[in-house]
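Trainee: Provided herewith is a single structure, encoded as structure tokens, for subsequent inquiry.
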Amino acid sequence: MKIAFLINNAYGIGGTIRATANLSGAFADRHEVEVVSVHRVQDEPAITLDPRVQLTSLIDMREDSATYEGNHPLTGQPCTMFPDTGAAANSARLPYSALHDERIGDWLRTTDADVVIATRPDLNGYLARDGQPRYLRIGQEHLSLDAHNSILRGHQNQAIAGLDAFVTVSEADATQYRAELAGVSAVIQCIPNAVPTPAVHSSSLDSNVIVAAGRLVSVKRYDRLVDAFAKVADVHPDWTLRIYGRGPEKKMLREQIDRLGLYDRVFLMGPVSPIETEWAKGAIAAVSSDMESFGMTIVEAMHCGVPVIATDCPHGPAEIIDHNANGLLVDLGSGTDGYAAALHHLMEDMERRERLGAAAREKAAAFAPTAIARRYEKLFQILAGSRPRSSRRAAGTALWSRLRTALPLARTGSLEAAPNVFEVQTLPSRPVASARVAADGTVTIRFDSATLPPDRLDFLIRMRRDAKGREVRIPIPDTADAALDPSNTRVILDPETYDLAEGRWDCYISPRDTPDSRTRLTCHLAEQAPRVGQGPFLARDHITAWLPYTTSDGYLALRTWRRPAHAEVISIGVTDDRADITARLLTPSPTHLPDTTSVVAVSRNGEDHDFTLPVAGIHPASGHITFSVPYAQALARRDVDHDLWDLLLKLGHNAAPIPIGRIGGDIVDRKTTDIAPAAHLPHSAKGLTRAKPFFTVTNDLALSLRTVETGQPNTLSTDG
């Protein structure tokens, strides 16, 4: 049989997209599956679909594409689906128009699917209005009844009456819908989202990192989480909090973090996909919402063996977490104090984290995609058997027969094919690999044998934008051997064996017989968890750090640092007039810190603007140094509206400068995560000068002075 999903945008990383990718892949084991994305906003999906799943898009919104349709004449006319709901039904970024009426309606009238599953209110409306009785019409609710305003709720409730079934992700929400729609014949049922067991290693639970992830919107109440962390931060000085995601609350959260002085303890990490590698870095997962329709992030964290602290909010958490058995639930009425107490108890009790984490993995297995797909198939069976007699033969008996045999359905649609206005995307077959770095910096690259060509292959790593063309080749074990033991299909990069220069290295496979040919490796997972909290290491008489990562376009790469000496930033504190820095000097052998040790601020606008800073504290036993950067000293040296200084350590007047930065740990680009607040200094008639320390693209420490207009908000750019 053929199952089709109708989704707004299959190219993002949101929860609905992840749930669709997970369920469609499970269905593909037994059925023909298509994901129909109303919009195509980029060349490739950010979340990889199962290669057996066909991806179709209806409207091309890629501005650089020859088939871009953002200026189609019909986009100037309003859509007719829930027109009075505005942004409540569709986003401002991808507003619906008459073009959507045409394309979605045409697809629904001509599809040869046996089951169509729509994934949000307006698409449920289209499915009820334009869907056909020859296939099962199933709507999904990925939020909840209470999450919609009264107008949108009324429209969707009316649409549900025209569907065969409506599926919620929590039983509490299904109960609410049944009560509100008592006279509707559609089957209303709870089937939770499918969440696969990730291929990542489970968390070690000793990272002292709290992880939260989701869209930065008010209902998620990350402000509650930050306030709760602030209450226990002094008691647990080695712990940090990371919040992953994007959204309109980012600016407010940044201001809150800075106001509480937590900018070097609480980090806004931005969106990351896949998120499982980040859950595996956590010792605790945090959900602080006022409302959760399901809580996919809860199950994702549980799969990684991370205990979850969640507010006991409507509707999802309590249907997933058994309090004090596989996680903790915090009563919403207990407020920030209650959440802080739960954090404190779990932060100080490793044994409890291990007990809850082990039970969490067991509970998460109930949400495996195969199990969730079976629940949907049971629903299909019920619906096919209950169809009216007039349509039972086409959509009942035949459908039930196909369910029993679980064989792909040959296309037998009786309608004449519509004009080919839909774009069917064939996802390219590319070699795929995953990487994991060990605590000592060794990187293991594992290849997906099924994606490799049958040639004798080398793993090739080439330094990006390198005039010398430096590269390293390592033979990949024969894939014929890998068929017997897939773990053989791997190579190991050892920092003591391979001397990689500092920079970014792209990863390829290359046929051994034609070494000039190469194909970039698509990255499935880049695991960095063993490096959380670890400093740079010594390899081949250099201070070194290696991190595998996924590039913005989905390929595998390696970031390397290699230095004769380095000063690793431990903490940054800022006031209205200075930045206070503590760093640890790292050298291949014990090094004396002379009294003449200083920090040089090297201007990018010429050496005439350099200045020297004294080191206030030298601690020979630990190698720690402390120094301050007075903004007034830089202000006196500035020359242009935006001046930048790189900060370097010198152990004497004639000593070579030593970089100061953060190259240890698990974060490839500190520039976008480790952000200190700015100070604003009166300067001239031009206005104020914004002063702030920041990390560069190489994760080194620098100082920025930029002229801003008087009264301009305290914006925090990441480019200095």
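Chain labels follow the order of the structure tokens: the first chain is A, the next B, and so on; residue numbering restarts at 1 in every chain, and ligands are counted from 1 in their shown order.
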What parts of stretch 93-211 of chain A does DSSP call helix (DSSP H, G or I)? I'd like the answer as an MDAnalysis selection string.
Mentor: chainID A and resid 98:110 121:130 145:147 150:160 171:180
Trainee: When you look at A:Ile658 with a cut-off of 9 Å (counting only C-alpha atoms), what residues show up, excluding the ones that are within fewer than 2 positions of it in the same chain? I need them as a PyMOL selection string.
Mentor: chain A and resi 563-567+585+647-651+655-656+660
Trainee: Using DSSP on the backbone coordinates, identify all residues within stretch 481-639 of chain A classified as strand (DSSP E); present the result as JSON, numbers by chain.
Mentor: {"A": [490, 491, 492, 493, 503, 504, 505, 506, 507, 508, 509, 510, 511, 519, 520, 522, 523, 524, 525, 526, 527, 537, 538, 539, 542, 543, 544, 545, 546, 547, 548, 549, 550, 556, 557, 558, 559, 560, 561, 562, 563, 566, 567, 568, 569, 570, 571, 572, 573, 574, 578, 579, 580, 581, 582, 583, 584, 585, 586, 598, 599, 600, 601, 602, 603, 611, 612, 613, 614, 615, 616, 617, 618, 619, 624, 625, 626, 627, 628, 629, 630]}
Trainee: In Å, with one decimal, what is the gap from atom CA of A:Glu249 to atom CA of A:Ala702?
Mentor: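 Computing the Euclidean distance for atom CA of A:Glu249 and atom CA of A:Ala702 yields 27.7 Å.
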Trainee: For A:Asp173, list every protein, DNA or RNA residue within 9 Å, evaluated using only C-alpha atoms, and leave out those in the same chain fewer than 3 positions away; present the list as a JSON list (two decimals) with N, CA and C atoms, in the first residue's frame.
Mentor:
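Result saved to around05.json:
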```
[["chain", "number", "residue", "atom", "x", "y", "z"],
["A", 144, "SER", "N", -1.63, 20.90, 20.50],
["A", 144, "SER", "CA", -2.73, 20.44, 21.34],
["A", 144, "SER", "C", -3.92, 21.35, 21.10],
["A", 145, "LEU", "N", -5.09, 20.92, 21.56],
["A", 145, "LEU", "CA", -6.31, 21.71, 21.40],
["A", 145, "LEU", "C", -6.15, 23.08, 22.03],
["A", 146, "ASP", "N", -5.58, 23.13, 23.22],
["A", 146, "ASP", "CA", -5.45, 24.40, 23.94],
["A", 146, "ASP", "C", -4.39, 25.32, 23.34],
["A", 168, "THR", "N", -3.83, 12.45, 17.90],
["A", 168, "THR", "CA", -3.09, 13.34, 18.80],
["A", 168, "THR", "C", -1.87, 12.59, 19.32],
["A", 169, "VAL", "N", -0.95, 13.34, 19.93],
["A", 169, "VAL", "CA", 0.27, 12.70, 20.43],
["A", 169, "VAL", "C", 0.22, 12.48, 21.94],
["A", 170, "SER", "N", -0.87, 12.89, 22.59],
["A", 170, "SER", "CA", -1.04, 12.58, 24.01],
["A", 170, "SER", "C", -2.47, 12.12, 24.25],
["A", 176, "GLN", "N", -9.61, 15.39, 25.37],
["A", 176, "GLN", "CA", -10.18, 16.73, 25.22],
["A", 176, "GLN", "C", -10.90, 16.87, 23.88],
["A", 177, "TYR", "N", -10.26, 16.39, 22.82],
["A", 177, "TYR", "CA", -10.87, 16.48, 21.49],
["A", 177, "TYR", "C", -12.16, 15.65, 21.43],
["A", 178, "ARG", "N", -12.15, 14.47, 22.01],
["A", 178, "ARG", "CA", -13.36, 13.64, 21.98],
["A", 178, "ARG", "C", -14.51, 14.34, 22.69],
["A", 190, "CYS", "N", -5.09, 8.61, 20.27],
["A", 190, "CYS", "CA", -3.72, 9.02, 20.60],
["A", 190, "CYS", "C", -2.73, 7.99, 20.08],
["A", 293, "SER", "N", 2.84, 19.33, 23.96],
["A", 293, "SER", "CA", 1.87, 18.45, 23.33],
["A", 293, "SER", "C", 2.29, 17.00, 23.44],
["A", 314, "PRO", "N", 0.61, 20.20, 31.08],
["A", 314, "PRO", "CA", -0.21, 19.52, 30.07],
["A", 314, "PRO", "C", 0.59, 19.52, 28.75],
["A", 315, "HIS", "N", 0.61, 18.39, 28.01],
["A", 315, "HIS", "CA", -0.01, 17.12, 28.32],
["A", 315, "HIS", "C", 1.04, 16.02, 28.36],
["A", 316, "GLY", "N", 2.15, 16.23, 27.67],
["A", 316, "GLY", "CA", 3.02, 15.12, 27.36],
["A", 316, "GLY", "C", 3.88, 14.54, 28.46]]
```
Trainee: From the set A:Asn326, A:Ser202, A:Ser334, A:Thr560, which residue has the shortest atom-to-atom contact distance to A:Ala359, counting only C-alpha atoms?
Mentor: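 Among A:Asn326, A:Ser202, A:Ser334, A:Thr560, it is A:Asn326 that comes nearest to A:Ala359.
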Trainee: Got a sec: who's within 9 Å of stretch 270-274 of chain A, counting only C-alpha atoms, leaving out chain neighbours fewer than 4 positions off, as a ChimeraX atom specification?
Mentor: /A:13,46-47,213-215,243-246,278,524-525,672-673
Trainee: Calculate how many Å separate atom CA of A:Ile3 from atom CA of A:Asp114, rounding to one decimal.
Mentor: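 Here the two named atoms are 6.0 Å from each other.
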Trainee: By how many Å are atom CA of A:Glu362 and atom CA of A:Asp290 apart?
Mentor: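 These two atoms are separated by 26.4 Å.
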Trainee: If we count only C-alpha atoms and set the cut-off at 10 Å, which residues sit around stretch 453-461 of chain A, ignoring sequence neighbours fewer than 4 positions away in its own chain? Please answer as a PyMOL selection string.
Mentor: chain A and resi 430-431+445+447+449+470-480+490-491+500+504-515+518-521+556-558
Trainee: Grab the residues selected above and save them as a tab-separated table (two decimals), in the first residue's frame with N, CA and C atoms.
Mentor:
```tsv
chain	number	residue	atom	x	y	z
A	430	ARG	N	24.84	8.98	-1.73
A	430	ARG	CA	26.16	9.50	-1.38
A	430	ARG	C	26.80	8.61	-0.33
A	431	PRO	N	28.12	8.54	-0.34
A	431	PRO	CA	28.79	7.80	0.73
A	431	PRO	C	28.57	8.50	2.07
A	445	ILE	N	36.47	7.04	12.27
A	445	ILE	CA	35.53	7.27	11.18
A	445	ILE	C	34.92	5.91	10.80
A	447	PHE	N	32.15	3.95	8.34
A	447	PHE	CA	31.47	4.12	7.06
A	447	PHE	C	30.22	3.25	7.00
A	449	SER	N	28.58	0.87	5.02
A	449	SER	CA	29.05	0.02	3.92
A	449	SER	C	28.11	0.04	2.73
A	470	ARG	N	47.73	20.08	1.16
A	470	ARG	CA	48.03	18.99	2.09
A	470	ARG	C	46.84	18.05	2.23
A	471	GLU	N	47.16	16.75	2.27
A	471	GLU	CA	46.14	15.73	2.41
A	471	GLU	C	46.73	14.49	3.06
A	472	VAL	N	45.85	13.64	3.59
A	472	VAL	CA	46.24	12.37	4.19
A	472	VAL	C	45.34	11.30	3.61
A	473	ARG	N	45.92	10.16	3.21
A	473	ARG	CA	45.16	9.02	2.69
A	473	ARG	C	45.33	7.83	3.62
A	474	ILE	N	44.20	7.16	3.89
A	474	ILE	CA	44.22	5.94	4.70
A	474	ILE	C	43.38	4.90	3.99
A	475	PRO	N	43.90	3.70	3.76
A	475	PRO	CA	43.10	2.66	3.09
A	475	PRO	C	41.87	2.28	3.93
A	476	ILE	N	40.73	2.15	3.26
A	476	ILE	CA	39.50	1.69	3.91
A	476	ILE	C	39.43	0.18	3.76
A	477	PRO	N	39.15	-0.56	4.83
A	477	PRO	CA	39.03	-2.02	4.69
A	477	PRO	C	38.03	-2.39	3.61
A	478	ASP	N	38.28	-3.47	2.95
A	478	ASP	CA	37.43	-3.93	1.85
A	478	ASP	C	36.01	-4.12	2.33
A	479	THR	N	35.05	-3.58	1.58
A	479	THR	CA	33.64	-3.70	2.00
A	479	THR	C	33.17	-5.14	2.00
A	480	ALA	N	33.85	-6.02	1.28
A	480	ALA	CA	33.48	-7.44	1.32
A	480	ALA	C	33.71	-8.00	2.72
A	490	ARG	N	36.06	1.00	8.93
A	490	ARG	CA	36.39	2.19	9.71
A	490	ARG	C	37.87	2.50	9.53
A	491	VAL	N	38.22	3.73	9.81
A	491	VAL	CA	39.62	4.13	9.88
A	491	VAL	C	39.78	4.96	11.15
A	500	LEU	N	48.45	16.80	11.63
A	500	LEU	CA	47.56	17.66	10.85
A	500	LEU	C	47.76	19.11	11.24
A	504	ARG	N	40.77	23.56	8.93
A	504	ARG	CA	39.60	22.72	8.69
A	504	ARG	C	39.92	21.75	7.56
A	505	TRP	N	39.57	20.48	7.79
A	505	TRP	CA	39.89	19.40	6.86
A	505	TRP	C	38.59	18.76	6.39
A	506	ASP	N	38.42	18.67	5.08
A	506	ASP	CA	37.23	18.03	4.51
A	506	ASP	C	37.52	16.56	4.25
A	507	CYS	N	36.48	15.74	4.38
A	507	CYS	CA	36.63	14.29	4.33
A	507	CYS	C	36.01	13.73	3.05
A	508	TYR	N	36.72	12.80	2.43
A	508	TYR	CA	36.31	12.23	1.15
A	508	TYR	C	36.56	10.71	1.16
A	509	ILE	N	35.97	10.03	0.17
A	509	ILE	CA	36.47	8.73	-0.24
A	509	ILE	C	37.06	8.89	-1.64
A	510	SER	N	38.06	8.08	-1.92
A	510	SER	CA	38.75	8.18	-3.21
A	510	SER	C	39.09	6.78	-3.70
A	511	PRO	N	38.73	6.42	-4.94
A	511	PRO	CA	39.14	5.10	-5.46
A	511	PRO	C	40.66	4.99	-5.49
A	512	ARG	N	41.18	3.88	-4.99
A	512	ARG	CA	42.63	3.71	-4.90
A	512	ARG	C	43.28	3.70	-6.28
A	513	ASP	N	42.56	3.19	-7.26
A	513	ASP	CA	43.12	3.09	-8.61
A	513	ASP	C	43.07	4.41	-9.36
A	514	THR	N	42.21	5.34	-8.94
A	514	THR	CA	42.11	6.66	-9.58
A	514	THR	C	42.16	7.73	-8.49
A	515	PRO	N	43.33	7.96	-7.93
A	515	PRO	CA	43.45	8.83	-6.75
A	515	PRO	C	43.06	10.28	-6.99
A	518	ARG	N	37.56	11.94	-6.22
A	518	ARG	CA	37.17	11.93	-4.81
A	518	ARG	C	35.72	12.36	-4.68
A	519	THR	N	35.05	11.87	-3.63
A	519	THR	CA	33.67	12.21	-3.33
A	519	THR	C	33.56	12.56	-1.86
A	520	ARG	N	32.94	13.69	-1.57
A	520	ARG	CA	32.83	14.11	-0.17
A	520	ARG	C	31.91	13.18	0.60
A	521	LEU	N	32.23	13.00	1.86
A	521	LEU	CA	31.46	12.13	2.74
A	521	LEU	C	30.33	12.89	3.40
A	556	LEU	N	31.00	15.71	6.31
A	556	LEU	CA	31.89	15.44	7.44
A	556	LEU	C	33.17	16.24	7.28
A	557	ALA	N	33.58	16.88	8.38
A	557	ALA	CA	34.82	17.66	8.38
A	557	ALA	C	35.50	17.50	9.73
A	558	LEU	N	36.75	17.94	9.79
A	558	LEU	CA	37.54	17.87	11.02
A	558	LEU	C	38.16	19.24	11.26
```
Trainee: Excluding same-chain residues fewer than 4 positions from A:Val195, what lies within 6 Å of it counting only C-alpha atoms, as JSON, numbers by chain?
Mentor: {"A": [367, 368, 369]}
Trainee: Those selected residues, please, written with all heavy atoms and delivered as a tab-separated table (two decimals), in the first residue's frame.
Mentor:
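The resulting out-v6.tsv:
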```
chain	number	residue	atom	x	y	z
A	367	PHE	N	8.71	3.87	22.26
A	367	PHE	CA	8.42	4.86	21.22
A	367	PHE	C	9.20	4.57	19.94
A	367	PHE	O	9.32	5.44	19.07
A	367	PHE	CB	8.73	6.26	21.73
A	367	PHE	CG	7.94	6.64	22.96
A	367	PHE	CD1	8.46	6.42	24.23
A	367	PHE	CD2	6.68	7.17	22.85
A	367	PHE	CE1	7.74	6.74	25.36
A	367	PHE	CE2	5.94	7.50	23.98
A	367	PHE	CZ	6.46	7.28	25.24
A	368	ALA	N	9.73	3.37	19.82
A	368	ALA	CA	10.47	3.00	18.62
A	368	ALA	C	9.57	3.14	17.39
A	368	ALA	O	8.38	2.80	17.44
A	368	ALA	CB	10.98	1.57	18.74
A	369	PRO	N	10.10	3.62	16.28
A	369	PRO	CA	9.27	3.83	15.08
A	369	PRO	C	8.51	2.60	14.63
A	369	PRO	O	7.36	2.70	14.18
A	369	PRO	CB	10.30	4.28	14.03
A	369	PRO	CG	11.36	4.96	14.83
A	369	PRO	CD	11.46	4.17	16.10
```
Trainee: Would you pick out the contacts of A:Val266 at 7 Å or less, using only C-alpha atoms, so that residues sharing its chain but fewer than 3 positions from it are not included, and give the list as number ranges by chain?
Mentor: A: 240-242, 257, 262-263
Trainee: Would you mind exporting the chosen residues as an mmCIF file, in the first residue's frame, restricted to N, CA, C and O atoms?
Mentor:
```cif
data_model
loop_
_atom_site.group_PDB
_atom_site.id
_atom_site.type_symbol
_atom_site.label_atom_id
_atom_site.label_comp_id
_atom_site.auth_asym_id
_atom_site.auth_seq_id
_atom_site.Cartn_x
_atom_site.Cartn_y
_atom_site.Cartn_z
ATOM 1 N N THR A 240 27.379 23.683 33.835
ATOM 2 C CA THR A 240 26.942 24.665 32.838
ATOM 3 C C THR A 240 25.589 24.227 32.276
ATOM 4 O O THR A 240 25.172 23.077 32.428
ATOM 5 N N LEU A 241 24.937 25.170 31.617
ATOM 6 C CA LEU A 241 23.632 24.936 30.987
ATOM 7 C C LEU A 241 23.735 25.305 29.520
ATOM 8 O O LEU A 241 24.228 26.389 29.172
ATOM 9 N N ARG A 242 23.257 24.402 28.653
ATOM 10 C CA ARG A 242 23.222 24.669 27.216
ATOM 11 C C ARG A 242 21.779 24.592 26.734
ATOM 12 O O ARG A 242 21.080 23.618 27.025
ATOM 13 N N ILE A 257 20.349 36.182 30.688
ATOM 14 C CA ILE A 257 21.613 35.532 31.022
ATOM 15 C C ILE A 257 22.661 36.569 31.419
ATOM 16 O O ILE A 257 23.383 36.409 32.414
ATOM 17 N N LEU A 262 25.539 35.173 34.047
ATOM 18 C CA LEU A 262 25.748 33.758 33.740
ATOM 19 C C LEU A 262 26.256 33.527 32.318
ATOM 20 O O LEU A 262 26.203 32.399 31.822
ATOM 21 N N TYR A 263 26.768 34.563 31.667
ATOM 22 C CA TYR A 263 27.144 34.458 30.264
ATOM 23 C C TYR A 263 28.288 33.463 30.039
ATOM 24 O O TYR A 263 28.486 33.010 28.915
#
```
Trainee: Give me the residues of stretch 172-195 of chain A that have any atom at most 8 Å from an atom of stretch 147-162 of chain A; for each, the nearest atom pair and the distance in Å, rounded to one decimal. Use only C-alpha atoms, sort by chain and number, and format it as JSON lines.
Mentor:
```
{"residue": "A:Leu181", "atom": "CA", "partner": "A:Asn157", "partner_atom": "CA", "distance": 7.2}
{"residue": "A:Val184", "atom": "CA", "partner": "A:Ala161", "partner_atom": "CA", "distance": 5.5}
{"residue": "A:Ser185", "atom": "CA", "partner": "A:Ala161", "partner_atom": "CA", "distance": 6.7}
{"residue": "A:Ala186", "atom": "CA", "partner": "A:Ala161", "partner_atom": "CA", "distance": 6.1}
```
Trainee: For a quick check of understanding, using only C-alpha atoms, which of A:Thr444, A:Asn654, A:Asn488, A:Thr119 has the smallest distance to A:Ser37?
Mentor: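 Checking each of A:Thr444, A:Asn654, A:Asn488, A:Thr119 against A:Ser37, counting only C-alpha atoms, the winner is A:Thr119.
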